[in-house]
file final.pdb (PDB, C-alpha atoms)
ATOM      1  CA  PRO A 149       0.000   0.000   0.000
ATOM      2  CA  PRO A 150       1.157   3.612  -0.624
ATOM      3  CA  PRO A 151       2.749   5.485   2.286
ATOM      4  CA  PRO A 152       0.444   7.816   4.221
ATOM      5  CA  PRO A 153       0.525  11.564   3.243
ATOM      6  CA  PRO A 154       2.687  13.878   5.358
ATOM      7  CA  PRO A 155       0.882  15.762   8.137
ATOM      8  CA  PRO A 156      -0.261  19.312   7.285
ATOM      9  CA  PRO A 157       1.924  22.203   8.491
ATOM     10  CA  PRO A 158       0.873  23.834  11.770
ATOM     11  CA  PRO A 159      -1.377  26.908  11.378
ATOM     12  CA  PRO A 160       0.358  30.290  11.635
ATOM     13  CA  PRO A 161      -0.169  32.299  14.832
ATOM     14  CA  TRP A 162      -3.092  34.671  14.716
ATOM     15  CA  PRO A 163      -2.949  37.550  14.124
ATOM     16  CA  PRO A 164       0.186  37.328  12.002
ATOM     17  CA  THR A 165       3.163  39.099  13.526
ATOM     18  CA  PRO A 166       3.940  42.140  11.330
ATOM     19  CA  LYS A 167       7.388  42.511   9.975
ATOM     20  CA  PRO A 168       9.354  45.406  11.450
ATOM     21  CA  PRO A 169       9.849  48.350   9.064
ATOM     22  CA  PRO A 170      13.188  48.536   7.365
ATOM     23  CA  ALA A 171      15.736  50.663   9.113
ATOM     24  CA  VAL A 172      16.080  54.199   7.697
ATOM     25  CA  PRO A 173      19.645  55.335   7.123
ATOM     26  CA  ARG A 174      20.612  58.394   9.113
ATOM     27  CA  ASP A 175      21.532  60.330   5.994
ATOM     28  CA  ALA A 176      18.205  59.605   4.263
ATOM     29  CA  PRO A 177      16.080  62.668   3.470
ATOM     30  CA  GLN A 178      13.637  63.494   6.228
ATOM     31  CA  ARG A 179       9.902  63.788   5.729
ATOM     32  CA  PRO A 180       8.931  67.435   5.162
ATOM     33  CA  PRO A 181       7.211  69.099   8.107
ATOM     34  CA  PRO A 182       3.438  69.421   7.948
ATOM     35  CA  PRO A 183       2.116  72.635   6.427
ATOM     36  CA  PRO A 184       1.460  75.468   8.880
ATOM     37  CA  ASP A 185      -2.030  76.120  10.092
ATOM     38  CA  PRO A 186      -4.013  78.529   7.922
ATOM     39  CA  PRO A 187      -3.865  82.142   9.099
ATOM     40  CA  SER A 188      -6.615  83.257  11.396
ATOM     41  CA  PRO A 189      -9.279  85.421   9.774
ATOM     42  CA  PRO A 190      -8.842  89.175  10.099
ATOM     43  CA  PRO A 191     -10.490  90.794  13.095
ATOM     44  CA  ILE A 192     -14.043  91.954  12.594
ATOM     45  CA  LYS A 193     -14.778  95.636  12.931
ATOM     46  CA  VAL A 194     -17.610  95.800  15.414
ATOM     47  CA  ASP A 195     -17.948  99.373  16.645
ATOM     48  CA  CYS A 196     -17.191 102.706  14.970
ATOM     49  CA  VAL A 197     -18.053 105.992  16.658
ATOM     50  CA  ALA A 198     -17.188 109.642  16.122
ATOM     51  CA  MET A 199     -14.215 110.695  18.218
ATOM     52  CA  PRO A 200     -14.152 113.790  20.458
ATOM     53  CA  GLU A 201     -13.377 117.198  18.997
ATOM     54  CA  VAL A 202      -9.956 117.339  20.617
ATOM     55  CA  TYR A 203      -8.904 114.275  18.618
ATOM     56  CA  ALA A 204      -9.849 116.017  15.376
ATOM     57  CA  ARG A 205      -7.772 118.985  16.572
ATOM     58  CA  ILE A 206      -4.855 116.625  17.189
ATOM     59  CA  ALA A 207      -5.175 115.267  13.642
ATOM     60  CA  ALA A 208      -5.347 118.809  12.259
ATOM     61  CA  GLU A 209      -2.222 119.759  14.215
ATOM     62  CA  GLN A 210      -0.358 116.710  12.912
ATOM     63  CA  ILE A 211      -1.367 117.463   9.315
ATOM     64  CA  ARG A 212      -0.427 121.138   9.703
ATOM     65  CA  ALA A 213       3.020 120.221  11.040
ATOM     66  CA  TYR A 214       3.518 117.694   8.237
ATOM     67  CA  MET A 215       2.554 120.153   5.512
ATOM     68  CA  ALA A 216       4.782 122.833   7.032
ATOM     69  CA  GLY A 217       7.698 120.442   6.662
ATOM     70  CA  GLN A 218       6.899 119.757   3.006
ATOM     71  CA  GLY A 219       6.930 123.350   1.814
ATOM     72  CA  LEU A 220       4.912 124.790  -1.061
ATOM     73  CA  PRO A 221       5.342 124.911  -3.924
ATOM     74  CA  THR A 222       6.919 121.475  -4.036
ATOM     75  CA  PRO A 223      10.032 121.069  -6.194
ATOM     76  CA  PRO A 224       9.149 120.027  -9.773
ATOM     77  CA  ASN A 225       9.457 116.287 -10.205
ATOM     78  CA  PRO A 226      11.648 115.576 -13.256
ATOM     79  CA  GLY A 227      10.183 112.074 -13.668
ATOM     80  CA  VAL A 228       8.399 111.528 -16.999
ATOM     81  CA  GLU A 229       5.084 109.740 -17.591
ATOM     82  CA  VAL A 230       3.924 108.711 -21.061
ATOM     83  CA  ASN A 231       0.369 108.193 -22.334
ATOM     84  CA  ARG A 232      -0.058 106.660 -25.816
ATOM     85  CA  LEU A 233      -3.026 107.587 -28.004
ATOM     86  CA  GLY A 234      -2.657 105.521 -31.160
ATOM     87  CA  LEU A 235       0.471 106.813 -32.913
ATOM     88  CA  MET A 236       0.648 109.863 -30.642
ATOM     89  CA  GLU A 237       2.510 110.063 -27.340
ATOM     90  CA  LEU A 238       1.865 112.576 -24.565
ATOM     91  CA  HIS A 239       4.701 113.189 -22.120
ATOM     92  CA  ARG A 240       4.221 115.011 -18.804
ATOM     93  CA  TYR A 241       6.888 115.947 -16.275
ATOM     94  CA  ASN A 242       8.007 118.624 -13.774
ATOM     95  CA  MET A 243       4.729 118.306 -11.858
ATOM     96  CA  SER A 244       4.538 120.568  -8.811
ATOM     97  CA  LEU A 245       1.924 121.237  -6.144
ATOM     98  CA  THR A 246       1.722 125.023  -5.797
ATOM     99  CA  SER A 247      -1.114 125.517  -3.288
ATOM    100  CA  LEU A 248      -3.212 123.397  -0.940
ATOM    101  CA  GLU A 249      -6.129 124.212   1.339
ATOM    102  CA  LEU A 250      -7.791 121.793   3.750
ATOM    103  CA  GLY A 251     -11.258 122.160   5.217
ATOM    104  CA  GLU A 252     -13.025 120.189   7.931
ATOM    105  CA  ILE A 253     -11.340 117.114   9.421
ATOM    106  CA  THR A 254     -13.423 114.367  11.028
ATOM    107  CA  LEU A 255     -12.217 111.291  12.887
ATOM    108  CA  THR A 256     -14.038 108.027  13.503
ATOM    109  CA  GLY A 257     -12.613 105.448  15.888
ATOM    110  CA  CYS A 258     -13.200 101.735  15.308
ATOM    111  CA  SER A 259     -12.726  98.751  17.625
ATOM    112  CA  TYR A 260     -12.247  95.125  16.604
ATOM    113  CA  ALA A 261     -13.525  91.924  18.126
ATOM    114  CA  GLY A 262     -10.767  89.673  19.408
ATOM    115  CA  ARG A 263      -8.015  92.268  19.738
ATOM    116  CA  GLY A 264      -5.913  91.975  22.865
ATOM    117  CA  ARG A 265      -6.452  94.393  25.686
ATOM    118  CA  SER A 266      -3.868  96.937  26.737
ATOM    119  CA  ARG A 267      -2.370  96.960  30.214
ATOM    120  CA  LEU A 268      -4.623  99.862  31.137
ATOM    121  CA  GLU A 269      -7.712  97.915  30.086
ATOM    122  CA  ALA A 270      -6.538  94.816  31.938
ATOM    123  CA  TRP A 271      -5.866  96.798  35.123
ATOM    124  CA  THR A 272      -9.165  98.622  35.220
ATOM    125  CA  GLY A 273     -11.424  95.915  33.863
ATOM    126  CA  VAL A 274     -14.198  98.414  33.188
ATOM    127  CA  ILE A 275     -12.903 100.295  30.156
ATOM    128  CA  PRO A 276     -13.823  97.747  27.446
ATOM    129  CA  ASP A 277     -17.560  97.736  28.068
ATOM    130  CA  ARG A 278     -18.765 100.334  30.560
ATOM    131  CA  PRO A 279     -20.916 102.823  28.635
ATOM    132  CA  LEU A 280     -20.828 106.559  29.005
ATOM    133  CA  VAL A 281     -23.981 108.080  30.359
ATOM    134  CA  ALA A 282     -24.478 110.456  27.420
ATOM    135  CA  ASP A 283     -24.813 108.133  24.461
ATOM    136  CA  GLY A 284     -24.170 104.558  25.573
ATOM    137  CA  VAL A 285     -20.700 104.419  23.973
ATOM    138  CA  SER A 286     -18.006 102.634  25.964
ATOM    139  CA  ILE A 287     -14.954 104.517  27.142
ATOM    140  CA  LYS A 288     -12.747 102.207  25.064
ATOM    141  CA  GLU A 289     -14.714 102.889  21.871
ATOM    142  CA  ARG A 290     -14.601 106.633  22.456
ATOM    143  CA  TYR A 291     -11.000 107.105  23.601
ATOM    144  CA  LEU A 292      -9.065 103.889  22.869
ATOM    145  CA  PRO A 293     -10.002 102.679  19.375
ATOM    146  CA  ASP A 294      -7.930 100.107  17.521
ATOM    147  CA  SER A 295      -7.952 102.102  14.271
ATOM    148  CA  ILE A 296      -9.229 105.393  12.936
ATOM    149  CA  ARG A 297     -10.877 106.693   9.797
ATOM    150  CA  LEU A 298      -9.772 110.190   8.840
ATOM    151  CA  GLU A 299     -11.767 112.278   6.374
ATOM    152  CA  VAL A 300     -10.701 115.660   5.033
ATOM    153  CA  ARG A 301     -13.366 117.771   3.332
ATOM    154  CA  GLY A 302     -13.030 121.024   1.470
ATOM    155  CA  ILE A 303      -9.714 120.207  -0.209
ATOM    156  CA  ARG A 304      -8.593 122.722  -2.830
ATOM    157  CA  TRP A 305      -5.320 122.532  -4.704
ATOM    158  CA  THR A 306      -3.441 123.969  -7.660
ATOM    159  CA  SER A 307      -0.642 122.295  -9.606
ATOM    160  CA  THR A 308       1.548 122.918 -12.643
ATOM    161  CA  MET A 309       3.417 120.662 -15.038
ATOM    162  CA  ARG A 310       5.243 120.660 -18.355
ATOM    163  CA  TYR A 311       4.205 118.503 -21.323
ATOM    164  CA  HIS A 312       5.139 117.733 -24.913
ATOM    165  CA  VAL A 313       3.499 115.755 -27.708
ATOM    166  CA  GLN A 314       5.127 113.619 -30.377
ATOM    167  CA  GLU A 315       3.955 111.304 -33.165
ATOM    168  CA  LEU A 316       6.058 108.457 -34.563
ATOM    169  CA  GLY A 317       8.949 109.948 -32.622
ATOM    170  CA  ILE A 318       8.581 113.365 -34.270
ATOM    171  CA  PRO A 319       8.102 116.241 -31.775
ATOM    172  CA  LEU A 320       4.913 118.216 -32.413
ATOM    173  CA  GLY A 321       5.179 120.745 -29.613
ATOM    174  CA  GLY A 322       4.662 121.256 -25.914
ATOM    175  CA  GLY A 323       3.973 123.796 -23.219
ATOM    176  CA  GLU A 324       2.809 124.160 -19.644
ATOM    177  CA  ALA A 325      -0.399 123.133 -17.880
ATOM    178  CA  THR A 326      -1.940 124.774 -14.832
ATOM    179  CA  PHE A 327      -4.830 122.985 -13.172
ATOM    180  CA  SER A 328      -6.919 123.217 -10.018
ATOM    181  CA  GLY A 329      -9.297 120.874  -8.269
ATOM    182  CA  LYS A 330     -11.359 120.284  -5.163
ATOM    183  CA  GLY A 331     -13.093 117.511  -3.259
ATOM    184  CA  ARG A 332     -12.525 115.309  -0.253
ATOM    185  CA  LEU A 333     -10.263 112.417   0.725
ATOM    186  CA  TRP A 334     -10.595 109.705   3.339
ATOM    187  CA  PHE A 335      -8.173 107.209   4.847
ATOM    188  CA  ASP A 336      -9.656 104.169   6.540
ATOM    189  CA  ASP A 337      -8.342 101.555   8.977
ATOM    190  CA  ILE A 338      -5.257 103.517  10.125
ATOM    191  CA  SER A 339      -4.204 101.258  12.975
ATOM    192  CA  LEU A 340      -2.964 102.725  16.253
ATOM    193  CA  ARG A 341      -1.548  99.407  17.446
ATOM    194  CA  PRO A 342       2.280  99.124  17.504
ATOM    195  CA  GLN A 343       2.381  95.734  15.763
ATOM    196  CA  ASP A 344       0.347  97.009  12.817
ATOM    197  CA  ILE A 345       2.314 100.259  12.578
ATOM    198  CA  ALA A 346       5.624  98.390  12.459
ATOM    199  CA  ALA A 347       4.280  96.037   9.761
ATOM    200  CA  GLY A 348       2.785  98.882   7.699
ATOM    201  CA  ARG A 349      -0.726  97.432   7.677
ATOM    202  CA  GLY A 350      -4.204  98.455   8.692
ATOM    203  CA  GLY A 351      -6.061  97.272  11.743
ATOM    204  CA  ALA A 352      -7.763  94.451   9.809
ATOM    205  CA  GLY A 353      -4.439  93.140   8.487
ATOM    206  CA  GLY A 354      -4.683  94.606   4.967
ATOM    207  CA  PRO A 355      -3.545  97.890   3.436
ATOM    208  CA  ILE A 356      -4.868 101.219   4.647
ATOM    209  CA  GLY A 357      -7.951 102.282   2.722
ATOM    210  CA  CYS A 358      -7.885 105.456   0.636
ATOM    211  CA  GLY A 359     -10.553 107.085  -1.521
ATOM    212  CA  GLY A 360     -12.489 110.249  -2.149
ATOM    213  CA  THR A 361     -14.186 112.490  -4.687
ATOM    214  CA  LEU A 362     -11.389 114.710  -6.030
ATOM    215  CA  ARG A 363     -11.969 116.259  -9.463
ATOM    216  CA  LEU A 364     -10.522 118.942 -11.685
ATOM    217  CA  THR A 365     -12.324 122.282 -11.703
ATOM    218  CA  SER A 366     -10.076 124.240 -14.088
ATOM    219  CA  LEU A 367      -7.319 123.507 -16.584
ATOM    220  CA  HIS A 368      -5.294 125.685 -18.925
ATOM    221  CA  PHE A 369      -2.725 124.556 -21.494
ATOM    222  CA  THR A 370      -0.193 126.772 -23.184
ATOM    223  CA  GLY A 371       1.422 125.782 -26.441
ATOM    224  CA  TYR A 372       0.523 122.870 -28.685
ATOM    225  CA  TRP A 373      -2.291 121.335 -26.564
ATOM    226  CA  GLN A 374      -4.109 124.623 -25.967
ATOM    227  CA  GLY A 375      -7.837 124.278 -26.632
ATOM    228  CA  MET A 376      -7.933 120.610 -25.585
ATOM    229  CA  GLU A 377      -8.919 121.353 -21.986
ATOM    230  CA  GLY A 378     -12.495 120.090 -22.438
ATOM    231  CA  MET A 379     -11.294 116.496 -22.857
ATOM    232  CA  TYR A 380      -9.959 116.528 -19.286
ATOM    233  CA  LEU A 381     -12.773 118.327 -17.430
ATOM    234  CA  GLY A 382     -16.090 116.907 -16.246
ATOM    235  CA  ASP A 383     -16.897 113.686 -18.094
ATOM    236  CA  GLY A 384     -14.329 114.311 -20.835
ATOM    237  CA  ILE A 385     -12.800 111.248 -22.452
ATOM    238  CA  GLN A 386      -9.352 112.102 -21.087
ATOM    239  CA  ARG A 387     -10.522 112.940 -17.538
ATOM    240  CA  PRO A 388      -7.788 112.017 -15.057
ATOM    241  CA  ASP A 389      -8.010 109.586 -12.170
ATOM    242  CA  THR A 390      -7.286 112.227  -9.535
ATOM    243  CA  VAL A 391      -8.229 109.996  -6.591
ATOM    244  CA  GLY A 392      -5.927 107.201  -7.743
ATOM    245  CA  PHE A 393      -3.113 109.677  -8.326
ATOM    246  CA  ALA A 394      -3.559 111.163  -4.837
ATOM    247  CA  CYS A 395      -3.841 107.811  -3.051
ATOM    248  CA  ASP A 396      -1.202 105.760  -4.890
ATOM    249  CA  GLY A 397       0.869 108.214  -6.935
ATOM    250  CA  PHE A 398      -0.448 106.980 -10.296
ATOM    251  CA  GLU A 399      -3.699 106.896 -12.253
ATOM    252  CA  SER A 400      -4.997 103.336 -12.113
ATOM    253  CA  ALA A 401      -8.306 104.052 -13.897
ATOM    254  CA  VAL A 402      -8.180 104.974 -17.612
ATOM    255  CA  ALA A 403     -11.301 106.689 -18.975
ATOM    256  CA  ASN A 404     -10.236 106.659 -22.636
ATOM    257  CA  PRO A 405     -10.466 103.099 -24.066
ATOM    258  CA  PHE A 406      -7.997 104.043 -26.825
ATOM    259  CA  ALA A 407      -5.304 105.298 -24.415
ATOM    260  CA  SER A 408      -2.631 103.277 -22.681
ATOM    261  CA  GLY A 409      -2.845 105.246 -19.458
ATOM    262  CA  TRP A 410       0.015 107.129 -17.872
ATOM    263  CA  GLN A 411       3.106 104.937 -17.549
ATOM    264  CA  TRP A 412       6.169 105.893 -15.563
ATOM    265  CA  VAL A 413       9.444 105.952 -17.515
ATOM    266  CA  GLY A 414      11.671 107.776 -15.031
ATOM    267  CA  PRO A 415      14.300 108.754 -14.261
ATOM    268  CA  GLY A 416      14.198 107.331 -10.758
ATOM    269  CA  VAL A 417      11.258 105.716  -9.034
ATOM    270  CA  ARG A 418       7.703 106.953  -9.064
ATOM    271  CA  PRO A 419       6.907 109.188  -6.073
ATOM    272  CA  PRO A 420       4.710 107.504  -3.467
ATOM    273  CA  GLY A 421       1.057 108.332  -3.020
ATOM    274  CA  LEU A 422      -0.629 109.490   0.164
ATOM    275  CA  ARG A 423      -1.444 105.923   1.235
ATOM    276  CA  ASP A 424       2.259 105.037   1.478
ATOM    277  CA  LYS A 425       3.018 108.428   3.011
ATOM    278  CA  VAL A 426       0.512 107.757   5.788
ATOM    279  CA  VAL A 427       2.228 104.420   6.507
ATOM    280  CA  SER A 428       5.665 106.088   6.600
ATOM    281  CA  TYR A 429       4.341 108.939   8.735
ATOM    282  CA  MET A 430       2.855 106.559  11.303
ATOM    283  CA  ARG A 431       6.161 104.704  11.529
ATOM    284  CA  ASP A 432       8.089 107.946  12.004
ATOM    285  CA  VAL A 433       5.761 109.458  14.599
ATOM    286  CA  CYS A 434       4.738 106.271  16.422
ATOM    287  CA  GLY A 435       7.853 104.154  15.969
ATOM    288  CA  SER A 436       9.040 104.683  19.567
ATOM    289  CA  PHE A 437       6.188 104.394  22.044
ATOM    290  CA  THR A 438       6.356 106.435  25.223
ATOM    291  CA  SER A 439       5.775 104.766  28.579
ATOM    292  CA  LEU A 440       2.218 106.067  28.600
ATOM    293  CA  GLU A 441       1.550 104.765  25.078
ATOM    294  CA  GLN A 442       2.940 101.372  26.073
ATOM    295  CA  VAL A 443       0.331 101.236  28.836
ATOM    296  CA  TRP A 444      -2.370 102.147  26.315
ATOM    297  CA  ASP A 445      -0.854  99.886  23.621
ATOM    298  CA  ARG A 446      -1.793 102.577  21.100
ATOM    299  CA  CYS A 447      -0.151 105.555  19.434
ATOM    300  CA  MET A 448      -1.705 108.705  20.929
ATOM    301  CA  PHE A 449       0.325 111.517  19.225
ATOM    302  CA  LEU A 450       1.188 113.023  22.610
ATOM    303  CA  LYS A 451       3.296 115.881  21.197
ATOM    304  CA  ALA A 452       0.229 117.304  19.473
ATOM    305  CA  TRP A 453      -1.975 117.309  22.568
ATOM    306  CA  ALA A 454      -1.008 120.734  23.907
ATOM    307  CA  PRO A 455      -1.479 122.649  20.592
ATOM    308  CA  ALA A 456      -4.701 120.737  19.945
ATOM    309  CA  ALA A 457      -6.050 121.523  23.401
ATOM    310  CA  MET A 458      -5.310 125.227  22.912
ATOM    311  CA  ALA A 459      -7.028 125.173  19.514
ATOM    312  CA  THR A 460     -10.048 123.427  21.048
ATOM    313  CA  VAL A 461     -10.307 126.015  23.834
ATOM    314  CA  LYS A 462     -10.001 128.867  21.343
ATOM    315  CA  GLY A 463     -12.652 127.309  19.118
ATOM    316  CA  LYS A 464     -15.101 126.869  21.979
ATOM    317  CA  TRP A 465     -14.444 130.398  23.243
ATOM    318  CA  SER A 466     -15.070 131.804  19.759
ATOM    319  CA  ARG A 467     -18.393 129.962  19.563
ATOM    320  CA  THR A 468     -19.316 131.139  23.048
ATOM    321  CA  LYS A 469     -18.567 134.764  22.136
ATOM    322  CA  ALA A 470     -20.672 134.410  18.989
ATOM    323  CA  LYS A 471     -23.609 133.087  21.026
ATOM    324  CA  LEU A 472     -23.235 135.891  23.583
ATOM    325  CA  HIS A 473     -23.149 138.462  20.807
ATOM    326  CA  THR A 474     -26.351 136.988  19.337
ATOM    327  CA  VAL A 475     -28.099 137.054  22.724
ATOM    328  CA  MET A 476     -26.980 140.614  23.448
ATOM    329  CA  SER A 477     -28.135 141.754  20.027
ATOM    330  CA  ARG A 478     -31.586 140.234  20.565
ATOM    331  CA  SER A 479     -31.798 141.803  24.019
ATOM    332  CA  ALA A 480     -30.952 145.217  22.598
ATOM    333  CA  ASP A 481     -33.721 144.850  20.032
TER
END

call {"tool": "encode", "arguments": {"input": "final.pdb", "output": "structure tokens"}}
result
Amino acid sequence: PPPPPPPPPPPPPWPPTPKPPPAVPRDAPQRPPPPPDPPSPPPIKVDCVAMPEVYARIAAEQIRAYMAGQGLPTPPNPGVEVNRLGLMELHRYNMSLTSLELGEITLTGCSYAGRGRSRLEAWTGVIPDRPLVADGVSIKERYLPDSIRLEVRGIRWTSTMRYHVQELGIPLGGGEATFSGKGRLWFDDISLRPQDIAAGRGGAGGPIGCGGTLRLTSLHFTGYWQGMEGMYLGDGIQRPDTVGFACDGFESAVANPFASGWQWVGPGVRPPGLRDKVVSYMRDVCGSFTSLEQVWDRCMFLKAWAPAAMATVKGKWSRTKAKLHTVMSRSAD
């Protein structure tokens, strides 16, 4: 008879023992670190209220001191900008601001949800949410905002520049332009917090807002382009982007669909607009916080307080005298 079959092999242990992973050489490339967490959303602006009159006086004093340091008229800027209209090129240069008038200045303070409290707020515990009796606005919202919105109304200015026109590289002529304008400008989300000032950003983490309603009111060309003023005034096809030029130093909006828009060709770099100047100004003025500002954790423009307080007192006294004069006049009648 045939021999019996061999016995079956013993069953493997359950569960099977996993094999150890192969050893990784020390010089092998390491696994890249996990990606960082997504950035937290920007803080939400929750409360915006008009700031006291003395704060507007402080802003006016700061602007007055800044303009006094600039000097008018400003030196002509030799940088050239070119605007192409088909085969024709317009060149402008030597632009200078010759006069500037500012009207009413208003300030609005805004607070953000989730922003850290200053040492003063932490010590007192009542500043963030205790309302004032007059209008239900908290002391923090009224006097310790995170950012401000500044609006300047009644702006009037006059400027001059040189220009020349050429076609296919052949000079056609040139001359000088004198123009005036008026309107208002606003700057939004100017942060008072030291971290934002150092980083050159607004209170919400983005750039400072800038806009307005500036427009040309008069324009006069001498030389070759004389008689073309109507294209630049009102709704003319060549009307300039005055708000863009004021905010950013260049005209970003082009009204004429057949024009290239003004392009900087130098020499040098394009001068900055007011948006960048506000950022630089805040760094210069608020770069070194005083001990008091460190407690507040906000830039408070302390050097302008005394002149602003005097201007506020004078303004109130002038209004009081005017009211007294009105009352006395009525009594005499």

call {"tool": "atom_distance", "arguments": {"input": "final.pdb", "atom1": "atom CA of Arg304 of chain A", "atom2": "atom CA of Thr246 of chain A"}}
result
11.0 Å

call {"tool": "residues_near_point", "arguments": {"input": "final.pdb", "point": "(-2.5, 107.6, -1.7)", "cutoff": "8 Å", "atoms": "only C-alpha atoms", "output": "list in words"}}
result
Cys358, Val391, Gly392, Phe393, Ala394, Cys395, Asp396, Gly397, Pro420, Gly421, Leu422, Arg423, Asp424 and Lys425 of chain A

call {"tool": "atom_distance", "arguments": {"input": "final.pdb", "atom1": "atom CA of Asn242 of chain A", "atom2": "atom CA of Gln210 of chain A"}}
result
28.0 Å

call {"tool": "residues_near_point", "arguments": {"input": "final.pdb", "point": "(-11.7, 103.6, 4.1)", "cutoff": "7 Å", "atoms": "all atoms listed in the file", "output": "PyMOL selection string"}}
result
chain A and resi 297+334-337+357-359

call {"tool": "resolve_selection", "arguments": {"input": "final.pdb", "expression": "the PyMOL selection byres ((chain A and resi 231-237) around 6)", "output": "list of chain:residue names"}}
result
A:Val230, A:Leu238, A:Val313, A:Gln314, A:Glu315, A:Ala407, A:Ser408, A:Gly409, A:Trp410

call {"tool": "resolve_selection", "arguments": {"input": "final.pdb", "expression": "the PyMOL selection byres ((chain A and resi 362) around 7)", "output": "list of chain:residue names"}}
result
A:Gly329, A:Lys330, A:Gly331, A:Arg332, A:Gly360, A:Thr361, A:Arg363, A:Thr390, A:Val391

call {"tool": "residues_around", "arguments": {"input": "final.pdb", "residues": "Gly348 of chain A", "least_positions_apart": "6", "cutoff": "12 Å", "atoms": "all atoms listed in the file", "output": "list in words"}}
result
Asp337, Ile338, Ser339, Leu340, Arg341, Pro342, Gly354, Pro355, Ile356, Arg423, Asp424, Lys425, Val426, Val427, Ser428, Tyr429, Met430, Arg431, Asp432, Cys434 and Gly435 of chain A

call {"tool": "axis_aligned_box", "arguments": {"input": "final.pdb", "around": "segment 306-324 of chain A", "padding_each_side": "4 Å", "output": "JSON"}}
result
{"center_x": 2.8, "center_y": 116.3, "center_z": -21.1, "size_x": 20.4, "size_y": 23.7, "size_z": 34.9}

call {"tool": "resolve_selection", "arguments": {"input": "final.pdb", "expression": "the PyMOL selection byres ((chain A and resi 203) around 9)", "output": "ChimeraX atom specification"}}
result
/A:199-202,204-208,254-255,291,453,456

call {"tool": "atom_distance", "arguments": {"input": "final.pdb", "atom1": "atom CA of Tyr260 of chain A", "atom2": "atom CA of Asp195 of chain A"}}
result
7.1 Å

call {"tool": "closest_residue", "arguments": {"input": "final.pdb", "among": "A:Leu250, A:Ile296, A:Ala403, A:Ala352", "to": "Arg446 of chain A", "atoms": "all atoms listed in the file"}}
result
A:Ile296

call {"tool": "closest_residue", "arguments": {"input": "final.pdb", "among": "A:Val300, A:Ala213, A:Cys447, A:Leu245", "to": "Val433 of chain A", "atoms": "all atoms listed in the file"}}
result
A:Cys447

call {"tool": "residues_around", "arguments": {"input": "final.pdb", "residues": "Pro293 of chain A", "least_positions_apart": "2", "cutoff": "6 Å", "atoms": "only C-alpha atoms", "output": "PyMOL selection string"}}
result
chain A and resi 257-259+289+295
